[in-house]
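Q: Following this line is coords14.txt, made up of compact mmCIF, C-alpha atoms:
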# COMPACT_ATOMS: atom_id res chain seq x y z
CA MET A 1 -12.31 -16.77 -29.40
CA GLY A 2 -15.61 -17.25 -31.17
CA ARG A 3 -15.77 -17.79 -34.90
CA LEU A 4 -16.79 -14.19 -35.67
CA GLU A 5 -13.75 -12.79 -33.85
CA ALA A 6 -11.58 -15.43 -35.53
CA ALA A 7 -12.97 -14.46 -38.94
CA LYS A 8 -12.15 -10.81 -38.21
CA ALA A 9 -8.63 -11.73 -37.06
CA ALA A 10 -8.10 -13.75 -40.25
CA ALA A 11 -9.30 -10.71 -42.20
CA GLY A 12 -6.54 -8.65 -40.54
CA LYS A 13 -8.37 -6.85 -37.72
CA ASN A 14 -6.01 -4.54 -35.82
CA GLY A 15 -3.17 -5.59 -38.12
CA GLY A 16 -3.03 -8.81 -36.11
CA LEU A 17 -0.66 -11.67 -36.67
CA MET A 18 -3.36 -14.26 -37.31
CA LYS A 19 -4.44 -13.12 -40.79
CA GLY A 20 -5.60 -15.61 -43.41
CA TYR A 21 -2.45 -17.62 -43.94
CA VAL A 22 -2.50 -21.38 -43.34
CA VAL A 23 1.18 -21.58 -42.41
CA ASN A 24 0.58 -20.10 -38.96
CA LYS A 25 -2.32 -22.35 -37.93
CA LEU A 26 -3.06 -25.89 -36.86
CA PHE A 27 -6.29 -27.35 -38.20
CA LYS A 28 -8.38 -30.21 -36.87
CA ARG A 29 -8.52 -32.87 -39.52
CA ASP A 30 -12.02 -34.01 -38.53
CA VAL A 31 -13.45 -30.55 -39.35
CA ILE A 32 -11.75 -30.60 -42.77
CA VAL A 33 -13.02 -34.13 -43.52
CA ARG A 34 -16.52 -33.58 -42.09
CA GLU A 35 -17.03 -30.38 -44.09
CA ASN A 36 -15.13 -31.62 -47.16
CA LEU A 37 -12.94 -28.50 -47.11
CA LYS A 38 -10.36 -28.24 -49.88
CA PHE A 39 -8.20 -25.65 -51.54
CA ASP A 40 -9.72 -24.52 -54.80
CA GLU A 41 -7.18 -25.58 -57.45
CA ASN A 42 -8.37 -22.80 -59.76
CA ILE A 43 -7.27 -20.11 -57.31
CA TYR A 44 -3.65 -18.98 -57.37
CA ILE A 45 -3.55 -16.18 -54.80
CA CYS A 46 -5.24 -15.87 -51.39
CA GLU A 47 -6.56 -19.42 -51.62
CA ASP A 48 -5.40 -19.86 -48.02
CA LEU A 49 -7.58 -16.95 -46.82
CA LEU A 50 -10.63 -18.47 -48.49
CA PHE A 51 -9.84 -21.87 -46.93
CA CYS A 52 -9.32 -20.30 -43.48
CA GLN A 53 -12.62 -18.41 -43.66
CA GLN A 54 -14.45 -21.60 -44.72
CA TYR A 55 -12.78 -23.55 -41.90
CA ILE A 56 -13.56 -20.89 -39.27
CA TRP A 57 -17.22 -20.82 -40.36
CA ASN A 58 -17.42 -24.51 -39.46
CA CYS A 59 -16.01 -24.09 -35.94
CA ARG A 60 -17.65 -22.72 -32.83
CA TYR A 61 -14.40 -21.67 -31.18
CA ILE A 62 -10.86 -21.03 -32.27
CA TYR A 63 -7.91 -21.20 -29.90
CA TYR A 64 -5.33 -18.57 -30.67
CA THR A 65 -2.05 -17.44 -29.17
CA PRO A 66 -0.57 -14.12 -30.35
CA GLU A 67 2.99 -15.35 -29.81
CA PRO A 68 4.59 -15.84 -33.23
CA LYS A 69 5.64 -19.42 -33.87
CA TYR A 70 6.49 -18.85 -37.51
CA HIS A 71 8.46 -16.15 -39.36
CA TYR A 72 6.72 -15.26 -42.63
CA ILE A 73 8.91 -13.71 -45.32
CA THR A 74 7.51 -11.87 -48.32
CA ARG A 75 9.73 -12.18 -51.37
CA ALA A 76 9.98 -9.39 -53.93
CA GLY A 77 9.41 -11.89 -56.78
CA SER A 78 6.39 -13.59 -55.20
CA ALA A 79 3.01 -13.90 -56.91
CA MET A 80 1.77 -10.87 -54.95
CA HIS A 81 4.57 -8.54 -56.03
CA GLY A 82 6.06 -7.46 -59.32
CA ARG A 83 4.49 -7.71 -62.75
CA VAL A 84 0.76 -8.26 -62.96
CA THR A 85 -0.30 -11.56 -64.57
CA GLU A 86 -3.59 -13.37 -65.16
CA ASN A 87 -2.88 -15.42 -62.03
CA ARG A 88 -2.31 -12.26 -60.02
CA MET A 89 -5.58 -10.80 -61.32
CA SER A 90 -7.37 -13.91 -59.98
CA VAL A 91 -7.01 -12.45 -56.47
CA LEU A 92 -9.96 -10.20 -57.29
CA ASN A 93 -12.23 -13.21 -57.90
CA THR A 94 -10.87 -14.92 -54.79
CA PHE A 95 -11.70 -11.90 -52.67
CA SER A 96 -15.22 -11.81 -54.11
CA ALA A 97 -15.64 -15.39 -52.80
CA VAL A 98 -14.10 -14.43 -49.43
CA ILE A 99 -16.50 -11.48 -49.13
CA GLN A 100 -19.46 -13.76 -49.92
CA MET A 101 -18.22 -16.17 -47.23
CA GLY A 102 -17.93 -13.27 -44.78
CA ARG A 103 -21.50 -12.13 -45.43
CA LYS A 104 -22.76 -15.29 -43.72
CA TYR A 105 -21.82 -13.63 -40.41
CA ASP A 106 -24.00 -10.58 -41.14
CA ASP A 107 -21.42 -8.38 -39.40
CA THR A 108 -20.63 -4.88 -40.69
CA GLU A 109 -17.12 -4.77 -39.20
CA LEU A 110 -16.09 -8.03 -40.89
CA ASP A 111 -17.63 -6.82 -44.14
CA SER A 112 -15.67 -3.58 -43.82
CA LEU A 113 -12.39 -5.43 -43.12
CA LEU A 114 -12.84 -7.73 -46.09
CA ASN A 115 -13.83 -4.89 -48.42
CA ALA A 116 -10.76 -2.86 -47.36
CA SER A 117 -8.54 -5.85 -48.21
CA TYR A 118 -10.32 -6.30 -51.54
CA TRP A 119 -9.86 -2.62 -52.41
CA ASN A 120 -6.20 -2.82 -51.34
CA HIS A 121 -5.62 -5.55 -53.93
CA TYR A 122 -6.93 -3.26 -56.66
CA VAL A 123 -4.58 -0.51 -55.48
CA SER A 124 -1.61 -2.92 -55.32
CA ILE A 125 -2.30 -4.21 -58.81
CA LEU A 126 -2.50 -0.71 -60.28
CA LYS A 127 0.67 0.34 -58.43
CA ASP A 128 2.54 -2.62 -59.92
CA VAL A 129 1.14 -1.91 -63.39
CA VAL A 130 2.63 1.58 -63.21
CA LYS A 131 5.96 0.23 -61.89
CA HIS A 132 6.33 -2.21 -64.83
CA PRO A 133 5.22 -0.37 -67.97
CA SER A 134 4.35 -2.43 -71.02
CA MET A 135 1.34 -2.88 -73.29
CA GLU A 136 0.42 -6.03 -71.36
CA GLN A 137 0.52 -4.16 -68.05
CA LYS A 138 -1.54 -1.31 -69.54
CA LYS A 139 -4.22 -3.91 -70.33
CA TYR A 140 -4.42 -4.87 -66.64
CA GLY A 141 -4.39 -1.23 -65.58
CA ASP A 142 -7.35 -0.56 -67.87
CA ILE A 143 -9.23 -3.38 -66.15
CA VAL A 144 -8.68 -2.20 -62.56
CA PHE A 145 -8.67 1.60 -62.99
CA PRO A 146 -12.45 2.00 -63.48
CA TYR A 147 -13.00 0.18 -60.19
CA ILE A 148 -10.41 2.40 -58.46
CA LYS A 149 -12.40 5.43 -59.66
CA MET A 150 -15.59 3.93 -58.20
CA ILE A 151 -14.22 3.05 -54.76
CA VAL A 152 -11.80 5.90 -54.08
CA PHE A 153 -14.07 7.72 -51.60
CA LYS A 154 -15.09 4.53 -49.77
CA PHE A 155 -11.40 3.63 -49.57
CA LEU A 156 -10.50 7.05 -48.14
CA ARG A 157 -13.26 6.80 -45.48
CA SER A 158 -12.35 3.27 -44.37
CA LYS A 159 -10.81 2.98 -40.91
CA HIS A 160 -9.19 -0.28 -42.04
CA VAL A 161 -6.95 1.38 -44.64
CA THR A 162 -3.64 2.97 -43.65
CA PHE A 163 -2.83 6.60 -44.36
CA LYS A 164 -0.02 5.50 -46.69
CA ARG A 165 -2.47 3.46 -48.78
CA LYS A 166 -4.91 6.38 -48.87
CA VAL A 167 -2.18 8.65 -50.27
CA LEU A 168 -1.30 5.96 -52.82
CA ILE A 169 -4.86 5.65 -54.12
CA ILE A 170 -5.08 9.44 -54.50
CA LEU A 171 -1.82 9.48 -56.48
CA LEU A 172 -2.97 6.58 -58.65
CA ARG A 173 -6.43 8.07 -59.19
CA ILE A 174 -4.96 11.37 -60.32
CA GLY A 175 -1.81 10.12 -62.05
CA TYR A 176 -2.86 6.94 -63.87
CA PRO A 177 -4.70 8.69 -66.73
CA PHE A 178 -1.58 10.80 -67.41
CA TRP A 179 0.71 7.76 -67.14
CA ARG A 180 -1.65 5.82 -69.41
CA ALA A 181 -1.42 8.51 -72.09
CA LEU A 182 2.38 8.24 -72.32
CA PRO A 183 3.87 5.96 -74.94
CA VAL A 184 5.30 2.81 -73.36
CA SER A 185 8.82 3.52 -74.65
CA SER A 186 9.02 6.92 -72.88
CA ARG A 187 8.52 5.51 -69.38
Do you think you could lay out the structure here as structure tokens?
A:
Amino acid sequence: MGRLEAAKAAAGKNGGLMKGYVVNKLFKRDVIVRENLKFDENIYICEDLLFCQQYIWNCRYIYYTPEPKYHYITRAGSAMHGRVTENRMSVLNTFSAVIQMGRKYDDTELDSLLNASYWNHYVSILKDVVKHPSMEQKKYGDIVFPYIKMIVFKFLRSKHVTFKRKVLIILLRIGYPFWRALPVSSR
């Protein structure tokens, strides 16, 4: 496949298996050396997606087989699940960099896929804030909620967001202000 289709697959087009993980790919070392590609050590979450998008940009073609060769397991206590931390919040900056990388293609579908993923991270963060009430979590909720209010209609119109996620953003958009008003000890 060409690099644009590969970039879309890494962004999750059609819920594909490729996605932006590095564990399910083989990379040519000469491309990595020639382009001086490295993981950003200041990024804690989705650094592999950013690396993959940078790598794909520097290739003309990507060879891909849809047959799974690796079984990826998501743990409940992973960095992407559970309490929200500063490291977890860094995913928002990472996705800003991924979206900037994607804009090099000048492709509206890729832009839409990447934005849907970006918005989904905001929704996931707010969901986890509500699931783990504390003053610290309220602080993170207060950071992401204004953005949720801004993007709710774009999120609902996106064809790259599942129905379940659309229901979740509606519940969070309506319910978070009420949840926020409750004292921490009563939750």
Q: For a quick check of understanding, using only C-alpha atoms, which of A:Tyr140, A:Val23, A:Ala181, A:His132 has the smallest distance to A:Gly82?
A: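 Closest to A:Gly82, using only C-alpha atoms: A:His132.
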Q: Counting all atoms listed in the file, what is within 7 Å of stretch 122-130 of chain A, bar same-chain residues fewer than 5 positions away, as a PyMOL selection string?
A: chain A and resi 82-84+137-138+141+144+148+169
Q: Show which residues sit within 10 Å of A:Lys166, as an MDAnalysis selection string. Count all atoms listed in the file, and ignore same-chain residues fewer than 3 positions away.
A: chainID A and resid 120 123 152:153 155:158 161:163 169:172
Q: Just write the chosen residues, C-alpha atoms, as a PDB file, keeping the file's coordinate frame.
A:
ATOM      1  CA  ASN A 120      -6.200  -2.820 -51.340  1.00  0.00           C
ATOM      2  CA  VAL A 123      -4.580  -0.510 -55.480  1.00  0.00           C
ATOM      3  CA  VAL A 152     -11.800   5.900 -54.080  1.00  0.00           C
ATOM      4  CA  PHE A 153     -14.070   7.720 -51.600  1.00  0.00           C
ATOM      5  CA  PHE A 155     -11.400   3.630 -49.570  1.00  0.00           C
ATOM      6  CA  LEU A 156     -10.500   7.050 -48.140  1.00  0.00           C
ATOM      7  CA  ARG A 157     -13.260   6.800 -45.480  1.00  0.00           C
ATOM      8  CA  SER A 158     -12.350   3.270 -44.370  1.00  0.00           C
ATOM      9  CA  VAL A 161      -6.950   1.380 -44.640  1.00  0.00           C
ATOM     10  CA  THR A 162      -3.640   2.970 -43.650  1.00  0.00           C
ATOM     11  CA  PHE A 163      -2.830   6.600 -44.360  1.00  0.00           C
ATOM     12  CA  ILE A 169      -4.860   5.650 -54.120  1.00  0.00           C
ATOM     13  CA  ILE A 170      -5.080   9.440 -54.500  1.00  0.00           C
ATOM     14  CA  LEU A 171      -1.820   9.480 -56.480  1.00  0.00           C
ATOM     15  CA  LEU A 172      -2.970   6.580 -58.650  1.00  0.00           C
TER      16      LEU A 172
END
Q: Work out how far atom CA of A:Arg88 is from atom CA of A:Ala7, in Å to one decimal.
A: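 Here the two named atoms are 23.7 Å from each other.
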Q: Between A:Lys8, A:Arg180, A:His160, A:Arg29, which residue has the minimum interatomic distance to A:Leu49, considering all atoms listed in the file?
A: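 Closest to A:Leu49 of all the choices is A:Lys8.
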Q: Using Å and a single decimal, report how far atom CA of A:Lys38 sits from atom CA of A:Arg103.
A: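 Interatomic distance here is 20.1 Å.
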Q: When distances are computed from only C-alpha atoms, which of A:Lys13, A:Lys131, A:Arg60, A:Lys19 shows the smallest separation from A:Trp179?
A: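 When distances to A:Trp179 are compared using only C-alpha atoms, the smallest one comes from A:Lys131.
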Q: Which of these residues is nearest to A:Lys104, using only C-alpha atoms: A:Tyr21, A:Pro183, A:Gln54, A:Gly175?
A: A:Gln54
Q: Measuring between only C-alpha atoms, which one of A:Phe39, A:Tyr105, A:Trp119, A:Phe95 shows the shortest distance to A:Trp57?
A: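 Answer, going by the shortest atom-to-atom distance: A:Tyr105.
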Q: So the first atom is atom CA of A:Glu5 and the second is atom CA of A:Met101; what is the distance between them in Å, to one decimal place?
A: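 Distance between the two atoms: 14.5 Å.
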Q: Could you check the closest approach to A:Ala9 for each of A:Gln53, A:Gln100, A:Asn42, A:Asn36 and tell me which residue wins, using only C-alpha atoms?
A: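 Going through A:Gln53, A:Gln100, A:Asn42, A:Asn36 one by one, the smallest distance to A:Ala9 is for A:Gln53.
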Q: Enclose the full set of atoms of stretch 86-97 of chain A listed in the file within a box whose edges lie along x, y and z, apply 6 Å of padding to each of the six sides, and report centre and edge lengths in Å to one decimal as JSON.
A:
{"center_x": -9.0, "center_y": -12.8, "center_z": -58.9, "size_x": 25.3, "size_y": 17.2, "size_z": 24.5}
Q: Select all residues near (-8.6, -25.1, -42.5) (cut-off 8 Å, inclusive, file coordinates), counting all atoms listed in the file, and output them as a list in words.
A: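 With a cut-off of 8 Å, the residues come to Val22, Leu26, Phe27, Lys28, Val31, Ile32, Leu37, Phe51, Cys52, Gln53, Gln54, Tyr55 and Ile56 of chain A.
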Q: Dump as a ChimeraX atom specification all residues having an atom at most 12 Å from (-4.0, -13.2, -64.0), computed in the file's coordinates with all atoms listed in the file.
A: /A:42-45,79-80,83-94,125,136-137,139-140,143
